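**Student:** Sharing start_7.pdb below, PDB, C-alpha atoms:
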```
ATOM      1  CA  MET G  28     161.295 123.781  69.230
ATOM      2  CA  THR G  29     157.786 123.403  70.576
ATOM      3  CA  THR G  30     155.219 121.281  68.752
ATOM      4  CA  PRO G  31     153.106 123.491  66.482
ATOM      5  CA  SER G  32     149.437 123.881  67.429
ATOM      6  CA  ARG G  33     146.735 122.497  65.145
ATOM      7  CA  SER G  34     146.029 125.912  63.563
ATOM      8  CA  ARG G  35     149.773 126.504  63.202
ATOM      9  CA  LYS G  36     150.065 123.122  61.458
ATOM     10  CA  LYS G  37     147.283 124.147  59.090
ATOM     11  CA  THR G  38     149.121 127.388  58.283
ATOM     12  CA  ILE G  39     152.389 125.543  57.783
ATOM     13  CA  SER G  40     150.732 123.202  55.334
ATOM     14  CA  ALA G  41     149.185 126.180  53.497
ATOM     15  CA  ALA G  42     152.606 127.866  53.360
ATOM     16  CA  ARG G  43     154.131 124.648  52.053
ATOM     17  CA  ASP G  44     151.656 124.602  49.185
ATOM     18  CA  ALA G  45     152.765 128.093  48.250
ATOM     19  CA  LEU G  46     156.333 126.997  47.570
ATOM     20  CA  PRO G  47     156.950 127.379  43.859
ATOM     21  CA  ALA G  48     159.133 124.335  43.356
ATOM     22  CA  SER G  49     157.218 121.226  44.291
ATOM     23  CA  THR G  50     159.798 118.454  44.361
ATOM     24  CA  GLY G  51     157.958 116.117  46.692
ATOM     25  CA  LEU G  52     160.623 116.704  49.350
ATOM     26  CA  ASP G  53     159.497 116.968  52.969
ATOM     27  CA  LEU G  54     160.390 120.508  54.043
ATOM     28  CA  GLY G  55     159.936 119.699  57.738
ATOM     29  CA  PRO G  56     159.632 122.717  60.044
ATOM     30  CA  LEU G  57     161.077 125.129  57.415
ATOM     31  CA  PRO G  58     157.827 126.637  56.049
ATOM     32  CA  GLY G  59     156.613 127.289  59.613
ATOM     33  CA  LEU G  60     159.652 129.412  60.516
ATOM     34  CA  LEU G  61     158.766 133.107  60.475
ATOM     35  CA  GLY G  62     162.279 134.119  59.413
ATOM     36  CA  TYR G  63     162.242 131.712  56.459
ATOM     37  CA  ALA G  64     158.740 132.730  55.319
ATOM     38  CA  LEU G  65     159.666 136.402  55.675
ATOM     39  CA  ARG G  66     162.770 135.948  53.548
ATOM     40  CA  ARG G  67     160.945 133.973  50.842
ATOM     41  CA  ALA G  68     158.188 136.599  50.608
ATOM     42  CA  GLN G  69     160.696 139.436  50.538
ATOM     43  CA  VAL G  70     162.750 137.815  47.780
ATOM     44  CA  ALA G  71     159.604 137.357  45.647
ATOM     45  CA  VAL G  72     158.299 140.873  46.346
ATOM     46  CA  PHE G  73     161.688 142.477  45.752
ATOM     47  CA  ALA G  74     162.033 140.669  42.407
ATOM     48  CA  ASP G  75     158.644 142.053  41.377
ATOM     49  CA  PHE G  76     159.689 145.537  42.505
ATOM     50  CA  MET G  77     162.978 145.333  40.576
ATOM     51  CA  ALA G  78     161.246 144.082  37.426
ATOM     52  CA  SER G  79     158.645 146.874  37.674
ATOM     53  CA  PHE G  80     161.398 149.467  38.008
ATOM     54  CA  ALA G  81     163.647 148.167  35.226
ATOM     55  CA  ALA G  82     162.018 150.374  32.562
ATOM     56  CA  LEU G  83     162.666 153.472  34.693
ATOM     57  CA  ASP G  84     166.354 152.638  35.164
ATOM     58  CA  LEU G  85     165.896 153.287  38.884
ATOM     59  CA  ARG G  86     166.991 151.096  41.759
ATOM     60  CA  PRO G  87     164.747 150.797  44.833
ATOM     61  CA  ALA G  88     167.184 152.707  47.055
ATOM     62  CA  GLN G  89     167.387 155.517  44.473
ATOM     63  CA  PHE G  90     163.593 155.706  44.505
ATOM     64  CA  SER G  91     163.571 156.100  48.309
ATOM     65  CA  VAL G  92     166.211 158.836  48.080
ATOM     66  CA  LEU G  93     164.267 160.806  45.439
ATOM     67  CA  LEU G  94     161.094 160.462  47.511
ATOM     68  CA  LEU G  95     162.775 161.731  50.678
ATOM     69  CA  ILE G  96     164.274 164.699  48.823
ATOM     70  CA  ARG G  97     160.856 165.650  47.450
ATOM     71  CA  GLN G  98     159.351 165.413  50.936
ATOM     72  CA  ASN G  99     162.224 167.440  52.404
ATOM     73  CA  PRO G 100     163.524 169.916  49.804
ATOM     74  CA  GLY G 101     166.881 171.368  50.802
ATOM     75  CA  CYS G 102     167.615 168.557  53.264
ATOM     76  CA  LYS G 103     171.166 167.509  54.130
ATOM     77  CA  GLN G 104     172.570 164.408  52.412
ATOM     78  CA  SER G 105     173.747 162.953  55.716
ATOM     79  CA  ASP G 106     170.156 163.094  57.051
ATOM     80  CA  VAL G 107     168.789 161.254  53.999
ATOM     81  CA  ALA G 108     171.469 158.564  54.298
ATOM     82  CA  GLU G 109     170.760 158.137  58.012
ATOM     83  CA  ALA G 110     166.965 158.072  57.648
ATOM     84  CA  LEU G 111     167.223 155.292  55.052
ATOM     85  CA  GLY G 112     170.029 153.401  56.759
ATOM     86  CA  ILE G 113     172.342 153.720  53.735
ATOM     87  CA  LEU G 114     176.065 153.607  54.435
ATOM     88  CA  ARG G 115     177.934 156.841  53.711
ATOM     89  CA  PRO G 116     180.276 155.643  50.903
ATOM     90  CA  ASN G 117     177.372 153.979  49.064
ATOM     91  CA  PHE G 118     175.262 157.076  49.507
ATOM     92  CA  VAL G 119     177.887 159.474  48.146
ATOM     93  CA  ALA G 120     178.242 157.346  44.997
ATOM     94  CA  MET G 121     174.454 157.219  44.646
ATOM     95  CA  MET G 122     174.080 161.007  44.940
ATOM     96  CA  ASP G 123     176.851 161.517  42.366
ATOM     97  CA  GLU G 124     174.925 159.297  39.959
ATOM     98  CA  LEU G 125     171.586 161.056  40.568
ATOM     99  CA  ASP G 126     173.292 164.431  40.061
ATOM    100  CA  HIS G 127     175.039 163.210  36.920
ATOM    101  CA  ARG G 128     171.683 162.063  35.498
ATOM    102  CA  GLY G 129     170.257 165.513  36.177
ATOM    103  CA  LEU G 130     167.686 164.233  38.672
ATOM    104  CA  THR G 131     169.005 166.076  41.729
ATOM    105  CA  GLN G 132     170.868 169.292  42.413
ATOM    106  CA  ARG G 133     173.107 170.153  45.341
ATOM    107  CA  THR G 134     173.821 173.616  46.675
ATOM    108  CA  THR G 135     175.980 174.557  49.624
ATOM    109  CA  SER G 136     173.799 174.680  52.733
ATOM    110  CA  LYS G 137     173.336 178.153  54.283
ATOM    111  CA  GLY G 138     173.662 176.922  57.850
ATOM    112  CA  ASP G 139     176.700 174.733  57.258
ATOM    113  CA  ARG G 140     178.911 175.597  54.282
ATOM    114  CA  ARG G 141     180.530 172.151  54.416
ATOM    115  CA  SER G 142     177.264 170.263  53.866
ATOM    116  CA  TYR G 143     175.080 170.206  50.778
ATOM    117  CA  ALA G 144     171.370 171.002  50.558
ATOM    118  CA  ILE G 145     169.682 168.639  48.051
ATOM    119  CA  PHE G 146     166.761 169.371  45.735
ATOM    120  CA  LEU G 147     164.972 167.512  42.914
ATOM    121  CA  THR G 148     165.260 168.958  39.411
ATOM    122  CA  GLN G 149     162.220 169.019  37.111
ATOM    123  CA  ALA G 150     163.510 165.804  35.530
ATOM    124  CA  GLY G 151     163.817 164.295  39.012
ATOM    125  CA  GLU G 152     160.220 165.293  39.844
ATOM    126  CA  ALA G 153     158.974 163.759  36.579
ATOM    127  CA  LEU G 154     160.858 160.486  37.107
ATOM    128  CA  LEU G 155     159.595 160.265  40.679
ATOM    129  CA  ASP G 156     156.006 160.807  39.468
ATOM    130  CA  ALA G 157     156.430 157.916  37.027
ATOM    131  CA  ALA G 158     158.016 155.795  39.761
ATOM    132  CA  MET G 159     155.132 156.484  42.159
ATOM    133  CA  LYS G 160     152.701 155.097  39.575
ATOM    134  CA  VAL G 161     154.794 151.938  39.212
ATOM    135  CA  VAL G 162     154.998 151.577  43.004
ATOM    136  CA  ALA G 163     151.229 151.987  43.321
ATOM    137  CA  GLU G 164     150.718 149.144  40.818
ATOM    138  CA  HIS G 165     153.258 146.974  42.653
ATOM    139  CA  GLU G 166     151.543 147.681  45.991
ATOM    140  CA  ALA G 167     148.155 146.902  44.415
ATOM    141  CA  ARG G 168     149.480 143.453  43.427
ATOM    142  CA  LEU G 169     150.496 142.863  47.053
ATOM    143  CA  THR G 170     147.211 144.041  48.559
ATOM    144  CA  SER G 171     145.235 142.019  45.994
ATOM    145  CA  ALA G 172     146.075 139.025  48.191
ATOM    146  CA  MET G 173     144.517 140.684  51.236
ATOM    147  CA  LYS G 174     141.133 141.439  52.733
ATOM    148  CA  PRO G 175     140.203 144.926  53.995
ATOM    149  CA  GLY G 176     142.166 145.772  57.132
ATOM    150  CA  GLU G 177     144.857 143.175  56.466
ATOM    151  CA  PRO G 178     147.413 145.558  54.905
ATOM    152  CA  GLU G 179     147.310 147.656  58.101
ATOM    153  CA  LYS G 180     147.617 144.515  60.224
ATOM    154  CA  PHE G 181     150.569 143.349  58.120
ATOM    155  CA  LEU G 182     152.371 146.729  58.399
ATOM    156  CA  ASP G 183     151.828 146.649  62.144
ATOM    157  CA  LEU G 184     153.256 143.110  62.463
ATOM    158  CA  LEU G 185     156.294 144.020  60.336
ATOM    159  CA  ALA G 186     157.012 147.114  62.456
ATOM    160  CA  ARG G 187     156.725 145.091  65.673
ATOM    161  CA  ILE G 188     159.026 142.364  64.347
ATOM    162  CA  GLU G 189     161.598 144.953  63.290
ATOM    163  CA  ARG G 190     161.547 146.413  66.804
ATOM    164  CA  ALA G 191     161.693 142.953  68.421
ATOM    165  CA  VAL G 192     165.165 142.080  67.083
ATOM    166  CA  PRO G 193     168.157 143.896  68.548
ATOM    167  CA  ALA G 194     169.734 146.478  66.215
ATOM    168  CA  ARG G 195     172.894 145.016  64.638
TER     169      ARG G 195
ATOM    170  CA  MET V   7     148.021 156.288  45.171
ATOM    171  CA  THR V   8     144.804 156.438  47.176
ATOM    172  CA  THR V   9     144.584 158.471  50.370
ATOM    173  CA  PRO V  10     145.262 156.227  53.371
ATOM    174  CA  SER V  11     142.327 155.555  55.681
ATOM    175  CA  ARG V  12     142.416 156.823  59.278
ATOM    176  CA  SER V  13     143.485 153.420  60.658
ATOM    177  CA  ARG V  14     146.089 153.123  57.886
ATOM    178  CA  LYS V  15     147.420 156.572  58.844
ATOM    179  CA  LYS V  16     147.665 155.446  62.454
ATOM    180  CA  THR V  17     149.626 152.359  61.365
ATOM    181  CA  ILE V  18     151.891 154.428  59.140
ATOM    182  CA  SER V  19     152.678 156.741  62.018
ATOM    183  CA  ALA V  20     153.389 153.732  64.273
ATOM    184  CA  ALA V  21     155.662 152.274  61.591
ATOM    185  CA  ARG V  22     157.420 155.599  61.259
ATOM    186  CA  ASP V  23     158.166 155.603  64.992
ATOM    187  CA  ALA V  24     159.788 152.216  64.570
ATOM    188  CA  LEU V  25     162.428 153.544  62.186
ATOM    189  CA  PRO V  26     165.785 153.327  63.942
ATOM    190  CA  ALA V  27     167.269 156.596  62.655
ATOM    191  CA  SER V  28     165.091 159.521  63.680
ATOM    192  CA  THR V  29     166.442 162.442  61.681
ATOM    193  CA  GLY V  30     163.296 164.558  61.761
ATOM    194  CA  LEU V  31     162.898 164.059  58.003
ATOM    195  CA  ASP V  32     159.391 163.583  56.638
ATOM    196  CA  LEU V  33     159.330 160.075  55.171
ATOM    197  CA  GLY V  34     156.093 160.738  53.279
ATOM    198  CA  PRO V  35     154.304 157.621  52.019
ATOM    199  CA  LEU V  36     157.413 155.393  52.440
ATOM    200  CA  PRO V  37     156.574 153.737  55.796
ATOM    201  CA  GLY V  38     153.085 152.892  54.525
ATOM    202  CA  LEU V  39     154.375 150.938  51.515
ATOM    203  CA  LEU V  40     154.116 147.184  52.122
ATOM    204  CA  GLY V  41     157.180 146.455  49.982
ATOM    205  CA  TYR V  42     159.320 148.942  51.904
ATOM    206  CA  ALA V  43     158.132 147.726  55.323
ATOM    207  CA  LEU V  44     158.671 144.109  54.263
ATOM    208  CA  ARG V  45     162.217 144.845  53.151
ATOM    209  CA  ARG V  46     163.089 146.778  56.332
ATOM    210  CA  ALA V  47     161.745 143.986  58.552
ATOM    211  CA  GLN V  48     163.531 141.317  56.529
ATOM    212  CA  VAL V  49     166.865 143.165  56.668
ATOM    213  CA  ALA V  50     166.582 143.475  60.476
ATOM    214  CA  VAL V  51     165.453 139.859  60.957
ATOM    215  CA  PHE V  52     168.119 138.494  58.603
ATOM    216  CA  ALA V  53     170.840 140.429  60.452
ATOM    217  CA  ASP V  54     169.650 138.856  63.713
ATOM    218  CA  PHE V  55     169.641 135.412  62.087
ATOM    219  CA  MET V  56     173.162 135.896  60.695
ATOM    220  CA  ALA V  57     174.494 137.120  64.044
ATOM    221  CA  SER V  58     172.875 134.158  65.836
ATOM    222  CA  PHE V  59     174.481 131.738  63.375
ATOM    223  CA  ALA V  60     177.968 133.269  63.376
ATOM    224  CA  ALA V  61     179.185 131.039  66.218
ATOM    225  CA  LEU V  62     178.106 127.914  64.305
ATOM    226  CA  ASP V  63     179.958 128.969  61.132
ATOM    227  CA  LEU V  64     176.795 128.200  59.174
ATOM    228  CA  ARG V  65     175.060 130.376  56.619
ATOM    229  CA  PRO V  66     171.250 130.427  56.494
ATOM    230  CA  ALA V  67     171.128 128.627  53.140
ATOM    231  CA  GLN V  68     173.465 125.911  54.466
ATOM    232  CA  PHE V  69     171.119 125.471  57.430
ATOM    233  CA  SER V  70     168.150 124.967  55.089
ATOM    234  CA  VAL V  71     170.123 122.431  53.063
ATOM    235  CA  LEU V  72     171.133 120.407  56.149
ATOM    236  CA  LEU V  73     167.520 120.487  57.368
ATOM    237  CA  LEU V  74     166.171 119.235  54.058
ATOM    238  CA  ILE V  75     168.722 116.427  53.905
ATOM    239  CA  ARG V  76     167.762 115.288  57.424
ATOM    240  CA  GLN V  77     164.067 115.318  56.443
ATOM    241  CA  ASN V  78     164.813 113.440  53.203
ATOM    242  CA  PRO V  79     167.819 111.145  53.702
ATOM    243  CA  GLY V  80     169.191 109.904  50.395
ATOM    244  CA  CYS V  81     167.537 112.691  48.407
ATOM    245  CA  LYS V  82     168.968 113.948  45.119
ATOM    246  CA  GLN V  83     170.965 117.178  45.183
ATOM    247  CA  SER V  84     169.004 118.611  42.283
ATOM    248  CA  ASP V  85     165.767 118.202  44.274
ATOM    249  CA  VAL V  86     167.202 120.014  47.295
ATOM    250  CA  ALA V  87     168.443 122.874  45.120
ATOM    251  CA  GLU V  88     165.080 123.146  43.390
ATOM    252  CA  ALA V  89     163.008 122.975  46.586
ATOM    253  CA  LEU V  90     165.032 125.822  48.099
ATOM    254  CA  GLY V  91     165.301 127.860  44.904
ATOM    255  CA  ILE V  92     169.120 127.776  44.952
ATOM    256  CA  LEU V  93     170.858 128.112  41.582
ATOM    257  CA  ARG V  94     172.779 125.049  40.445
ATOM    258  CA  PRO V  95     176.358 126.454  40.371
ATOM    259  CA  ASN V  96     175.906 127.975  43.846
ATOM    260  CA  PHE V  97     174.467 124.726  45.130
ATOM    261  CA  VAL V  98     177.290 122.560  43.811
ATOM    262  CA  ALA V  99     179.853 124.800  45.561
ATOM    263  CA  MET V 100     177.794 124.687  48.751
ATOM    264  CA  MET V 101     177.569 120.874  48.726
ATOM    265  CA  ASP V 102     181.322 120.618  48.120
ATOM    266  CA  GLU V 103     181.902 122.766  51.203
ATOM    267  CA  LEU V 104     179.482 120.772  53.394
ATOM    268  CA  ASP V 105     181.141 117.536  52.238
ATOM    269  CA  HIS V 106     184.604 118.959  52.858
ATOM    270  CA  ARG V 107     183.577 119.919  56.405
ATOM    271  CA  GLY V 108     182.389 116.368  57.011
ATOM    272  CA  LEU V 109     178.761 117.402  57.520
ATOM    273  CA  THR V 110     177.292 115.563  54.527
ATOM    274  CA  GLN V 111     178.094 112.463  52.532
ATOM    275  CA  ARG V 112     177.234 111.662  48.926
ATOM    276  CA  THR V 113     176.834 108.232  47.409
ATOM    277  CA  THR V 114     175.896 107.344  43.875
ATOM    278  CA  SER V 115     172.131 106.995  43.633
ATOM    279  CA  LYS V 116     170.857 103.452  42.936
ATOM    280  CA  GLY V 117     168.190 104.606  40.503
ATOM    281  CA  ASP V 118     170.366 107.030  38.583
ATOM    282  CA  ARG V 119     174.130 106.389  38.653
ATOM    283  CA  ARG V 120     174.836 109.917  37.431
ATOM    284  CA  SER V 121     173.112 111.612  40.387
ATOM    285  CA  TYR V 122     174.179 111.614  44.024
ATOM    286  CA  ALA V 123     172.110 110.581  47.038
ATOM    287  CA  ILE V 124     172.885 112.860  49.995
ATOM    288  CA  PHE V 125     172.969 112.032  53.696
ATOM    289  CA  LEU V 126     173.970 113.836  56.899
ATOM    290  CA  THR V 127     176.983 112.519  58.803
ATOM    291  CA  GLN V 128     176.944 112.312  62.615
ATOM    292  CA  ALA V 129     178.760 115.672  62.686
ATOM    293  CA  GLY V 130     176.111 117.093  60.348
ATOM    294  CA  GLU V 131     173.328 115.835  62.625
ATOM    295  CA  ALA V 132     175.025 117.366  65.679
ATOM    296  CA  LEU V 133     175.556 120.745  63.982
ATOM    297  CA  LEU V 134     171.950 120.774  62.787
ATOM    298  CA  ASP V 135     170.743 120.027  66.337
ATOM    299  CA  ALA V 136     172.733 123.011  67.603
ATOM    300  CA  ALA V 137     171.415 125.153  64.738
ATOM    301  CA  MET V 138     167.800 124.205  65.501
ATOM    302  CA  LYS V 139     168.270 125.511  69.070
ATOM    303  CA  VAL V 140     169.635 128.821  67.743
ATOM    304  CA  VAL V 141     166.764 129.078  65.264
ATOM    305  CA  ALA V 142     164.214 128.418  68.009
ATOM    306  CA  GLU V 143     165.705 131.292  70.058
ATOM    307  CA  HIS V 144     165.666 133.565  66.994
ATOM    308  CA  GLU V 145     162.035 132.642  66.267
ATOM    309  CA  ALA V 146     161.129 133.260  69.916
ATOM    310  CA  ARG V 147     162.503 136.821  69.594
ATOM    311  CA  LEU V 148     160.240 137.361  66.584
ATOM    312  CA  THR V 149     157.125 135.910  68.214
ATOM    313  CA  SER V 150     157.794 137.877  71.425
ATOM    314  CA  ALA V 151     156.380 140.859  69.497
ATOM    315  CA  MET V 152     153.151 138.995  68.792
ATOM    316  CA  LYS V 153     149.949 137.980  70.515
ATOM    317  CA  PRO V 154     148.599 134.389  70.360
ATOM    318  CA  GLY V 155     147.385 133.579  66.851
ATOM    319  CA  GLU V 156     149.411 136.370  65.229
ATOM    320  CA  PRO V 157     152.361 134.202  64.090
ATOM    321  CA  GLU V 158     149.919 132.011  62.142
ATOM    322  CA  LYS V 159     148.219 135.093  60.694
ATOM    323  CA  PHE V 160     151.619 136.511  59.705
ATOM    324  CA  LEU V 161     152.713 133.254  57.997
ATOM    325  CA  ASP V 162     149.421 133.190  56.123
ATOM    326  CA  LEU V 163     149.827 136.800  54.923
ATOM    327  CA  LEU V 164     153.433 136.150  53.818
ATOM    328  CA  ALA V 165     152.398 133.044  51.839
ATOM    329  CA  ARG V 166     149.568 134.950  50.153
ATOM    330  CA  ILE V 167     151.841 137.858  49.240
ATOM    331  CA  GLU V 168     154.428 135.461  47.785
ATOM    332  CA  ARG V 169     151.710 133.895  45.625
ATOM    333  CA  ALA V 170     150.327 137.316  44.612
ATOM    334  CA  VAL V 171     153.432 138.452  42.736
ATOM    335  CA  PRO V 172     154.237 136.774  39.418
ATOM    336  CA  ALA V 173     157.204 134.386  39.554
ATOM    337  CA  ARG V 174     160.305 136.066  38.071
TER     338      ARG V 174
END
```
So, in terms of structure tokens, how does the structure I just supplied come out?
**Tutor:**
Amino acid sequence: MTTPSRSRKKTISAARDALPASTGLDLGPLPGLLGYALRRAQVAVFADFMASFAALDLRPAQFSVLLLIRQNPGCKQSDVAEALGILRPNFVAMMDELDHRGLTQRTTSKGDRRSYAIFLTQAGEALLDAAMKVVAEHEARLTSAMKPGEPEKFLDLLARIERAVPAR
Amino acid sequence: MTTPSRSRKKTISAARDALPASTGLDLGPLPGLLGYALRRAQVAVFADFMASFAALDLRPAQFSVLLLIRQNPGCKQSDVAEALGILRPNFVAMMDELDHRGLTQRTTSKGDRRSYAIFLTQAGEALLDAAMKVVAEHEARLTSAMKPGEPEKFLDLLARIERAVPAR
């Protein structure tokens, strides 16, 4: 590993201070690793997301599915699964649950009688509206740490990092 | 949710293009959500990390533990667990495995006879050296997507976001 620059060292020391458990241990190069910092931030953010959603009895992936169905009424389930990168067996179980809870409805697709067209029910629309409010509050907590323009910069960096690693 | 600004819209559309599965579905506000983008990037980066580490037979958390022990020879196991946010039962099992593989060694601590002082063995040092090379290559893939100064900016944003959400 190359020696960190002075500004990098400053950032590493700032990141170190952010660690919740201060045990006096020397963390060495760990806080300066992008992968480690990314994972720590994601774990913290995801925990906040999960806690915010607990009252709605909705998992994050279910939220994404409901949102995509609203944006694309009558879409095929296989397209939703693919767009979100959800594996087929997991997705089928998830759709069964959403149907069972009366949040979604499936009808046989006109074009392809073997595939379903998915829609939100009124209950699904209402739950998604409530979820969008919770998400907006969660996002506001995240952007509260940022200056104007930084959320866009952060989204851009995340997208570039995602493209930079080979698909597995 | 507020209407995204023009530059935010541009970023959202760039992020949308980065999505691996292009199904033609309208993803709506999803790619512009920081939490969603953070999770997608982390999943991709973590998969790359795991694949890079497969040959070493080392999980990411085990890597962090070995690194912390090298930085703090003779440290207490409870401090390592706390510094990395690893739950106690998981950590005990992990230390047993590292010991069993001959990578770490535990001796009774002088100060507190009930707690262990942990050290790396020569094999542990060698494996950690190999792991550091793999990590450096992984980090280089991530920074290849960035301009000078951006890795520091990214670390800073991640640390601020982690601090912005309440600890759960």
**Student:** Return the single residue from V:Ser84, V:Tyr122, V:Leu161, V:Gly108 that is closest to Thr149 (chain V), with distances computed using all atoms listed in the file.
**Tutor:**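 So, comparing all the options, the nearest one is V:Leu161.
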**Student:** Can you measure CA of Leu184 (chain G) to CA of Val70 (chain G) for me? One decimal in Å is fine.
**Tutor:**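 CA of Val70 (chain G) lies 18.3 Å from CA of Leu184 (chain G).
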**Student:** For Arg46 (chain V), list every protein, DNA or RNA residue within 8 Å, evaluated using all atoms listed in the file, and leave out those in the same chain fewer than 4 positions away; present the list as a PyMOL selection string.
**Tutor:** (chain G and resi 189) or (chain V and resi 42+50)
**Student:** Quote the spacing between CA of Leu95 (chain G) and CA of Val107 (chain G) in Å to one decimal place.
**Tutor:**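 CA of Val107 (chain G) lies at a distance of 6.9 Å from CA of Leu95 (chain G).
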**Student:** Find the distance between CA of Arg66 (chain G) and CA of Gln48 (chain V) and write it in Å to one decimal.
**Tutor:**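 The value is 6.2 Å.
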**Student:** Once the PyMOL selection byres ((chain G and resi 79) around 12) has been applied to the shown file, what residues remain in the selection, as a PyMOL selection string?
**Tutor:** (chain G and resi 72-78+80-87+157-166+168) or (chain V and resi 171-172+174)
**Student:** Create the file for the chosen residues now, containing C-alpha atoms and written as a PDB file, keeping the file's coordinate frame.
**Tutor:**
```pdb
ATOM      1  CA  VAL G  72     158.299 140.873  46.346  1.00  0.00           C
ATOM      2  CA  PHE G  73     161.688 142.477  45.752  1.00  0.00           C
ATOM      3  CA  ALA G  74     162.033 140.669  42.407  1.00  0.00           C
ATOM      4  CA  ASP G  75     158.644 142.053  41.377  1.00  0.00           C
ATOM      5  CA  PHE G  76     159.689 145.537  42.505  1.00  0.00           C
ATOM      6  CA  MET G  77     162.978 145.333  40.576  1.00  0.00           C
ATOM      7  CA  ALA G  78     161.246 144.082  37.426  1.00  0.00           C
ATOM      8  CA  PHE G  80     161.398 149.467  38.008  1.00  0.00           C
ATOM      9  CA  ALA G  81     163.647 148.167  35.226  1.00  0.00           C
ATOM     10  CA  ALA G  82     162.018 150.374  32.562  1.00  0.00           C
ATOM     11  CA  LEU G  83     162.666 153.472  34.693  1.00  0.00           C
ATOM     12  CA  ASP G  84     166.354 152.638  35.164  1.00  0.00           C
ATOM     13  CA  LEU G  85     165.896 153.287  38.884  1.00  0.00           C
ATOM     14  CA  ARG G  86     166.991 151.096  41.759  1.00  0.00           C
ATOM     15  CA  PRO G  87     164.747 150.797  44.833  1.00  0.00           C
ATOM     16  CA  ALA G 157     156.430 157.916  37.027  1.00  0.00           C
ATOM     17  CA  ALA G 158     158.016 155.795  39.761  1.00  0.00           C
ATOM     18  CA  MET G 159     155.132 156.484  42.159  1.00  0.00           C
ATOM     19  CA  LYS G 160     152.701 155.097  39.575  1.00  0.00           C
ATOM     20  CA  VAL G 161     154.794 151.938  39.212  1.00  0.00           C
ATOM     21  CA  VAL G 162     154.998 151.577  43.004  1.00  0.00           C
ATOM     22  CA  ALA G 163     151.229 151.987  43.321  1.00  0.00           C
ATOM     23  CA  GLU G 164     150.718 149.144  40.818  1.00  0.00           C
ATOM     24  CA  HIS G 165     153.258 146.974  42.653  1.00  0.00           C
ATOM     25  CA  GLU G 166     151.543 147.681  45.991  1.00  0.00           C
ATOM     26  CA  ARG G 168     149.480 143.453  43.427  1.00  0.00           C
TER      27      ARG G 168
ATOM     28  CA  VAL V 171     153.432 138.452  42.736  1.00  0.00           C
ATOM     29  CA  PRO V 172     154.237 136.774  39.418  1.00  0.00           C
ATOM     30  CA  ARG V 174     160.305 136.066  38.071  1.00  0.00           C
TER      31      ARG V 174
END
```
**Student:** Excluding same-chain residues fewer than 6 positions from Leu125 (chain G), what lies within 9 Å of it counting only C-alpha atoms, as a PDB file with C-alpha atoms, keeping the file's coordinate frame?
**Tutor:**
```
ATOM      1  CA  GLN G  89     167.387 155.517  44.473  1.00  0.00           C
ATOM      2  CA  LEU G  93     164.267 160.806  45.439  1.00  0.00           C
ATOM      3  CA  THR G 131     169.005 166.076  41.729  1.00  0.00           C
ATOM      4  CA  GLN G 132     170.868 169.292  42.413  1.00  0.00           C
ATOM      5  CA  GLY G 151     163.817 164.295  39.012  1.00  0.00           C
TER       6      GLY G 151
END
```
**Student:** Nearest to Ile75 (chain V): which of G:Phe181, G:Gly55, G:Pro175, G:Ala167 is it, counting only C-alpha atoms?
**Tutor:**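 When distances to Ile75 (chain V) are compared using only C-alpha atoms, the smallest one comes from G:Gly55.
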**Student:** Which residue is closest to chain G? Choose from V:Ile92, V:Ile167, V:Ser121, V:Asp135 and count all atoms listed in the file.
**Tutor:**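 Nearest candidate to chain G out of V:Ile92, V:Ile167, V:Ser121, V:Asp135: V:Ile167.
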**Student:** Just region 79-88 of chain G from the block, N, CA and C atoms, as a tab-separated table (two decimals), in the first residue's frame, could you?
**Tutor:**
```
chain	number	residue	atom	x	y	z
G	79	SER	N	-36.58	2.66	10.83
G	79	SER	CA	-37.63	3.57	10.37
G	79	SER	C	-38.80	2.81	9.77
G	80	PHE	N	-38.50	1.67	9.16
G	80	PHE	CA	-39.53	0.90	8.45
G	80	PHE	C	-40.26	-0.10	9.34
G	81	ALA	N	-39.76	-0.31	10.54
G	81	ALA	CA	-40.31	-1.37	11.40
G	81	ALA	C	-41.81	-1.18	11.61
G	82	ALA	N	-42.23	0.08	11.84
G	82	ALA	CA	-43.64	0.34	12.14
G	82	ALA	C	-44.54	0.02	10.94
G	83	LEU	N	-43.97	0.05	9.74
G	83	LEU	CA	-44.76	-0.21	8.53
G	83	LEU	C	-44.82	-1.70	8.20
G	84	ASP	N	-44.03	-2.51	8.91
G	84	ASP	CA	-43.92	-3.93	8.62
G	84	ASP	C	-43.55	-4.14	7.15
G	85	LEU	N	-42.51	-3.42	6.72
G	85	LEU	CA	-42.10	-3.47	5.31
G	85	LEU	C	-40.58	-3.56	5.26
G	86	ARG	N	-40.07	-4.54	4.56
G	86	ARG	CA	-38.63	-4.65	4.41
G	86	ARG	C	-38.18	-3.76	3.24
G	87	PRO	N	-36.90	-3.33	3.27
G	87	PRO	CA	-36.42	-2.43	2.23
G	87	PRO	C	-36.66	-2.97	0.81
G	88	ALA	N	-36.41	-4.26	0.60
G	88	ALA	CA	-36.60	-4.82	-0.74
G	88	ALA	C	-38.08	-4.77	-1.15
```
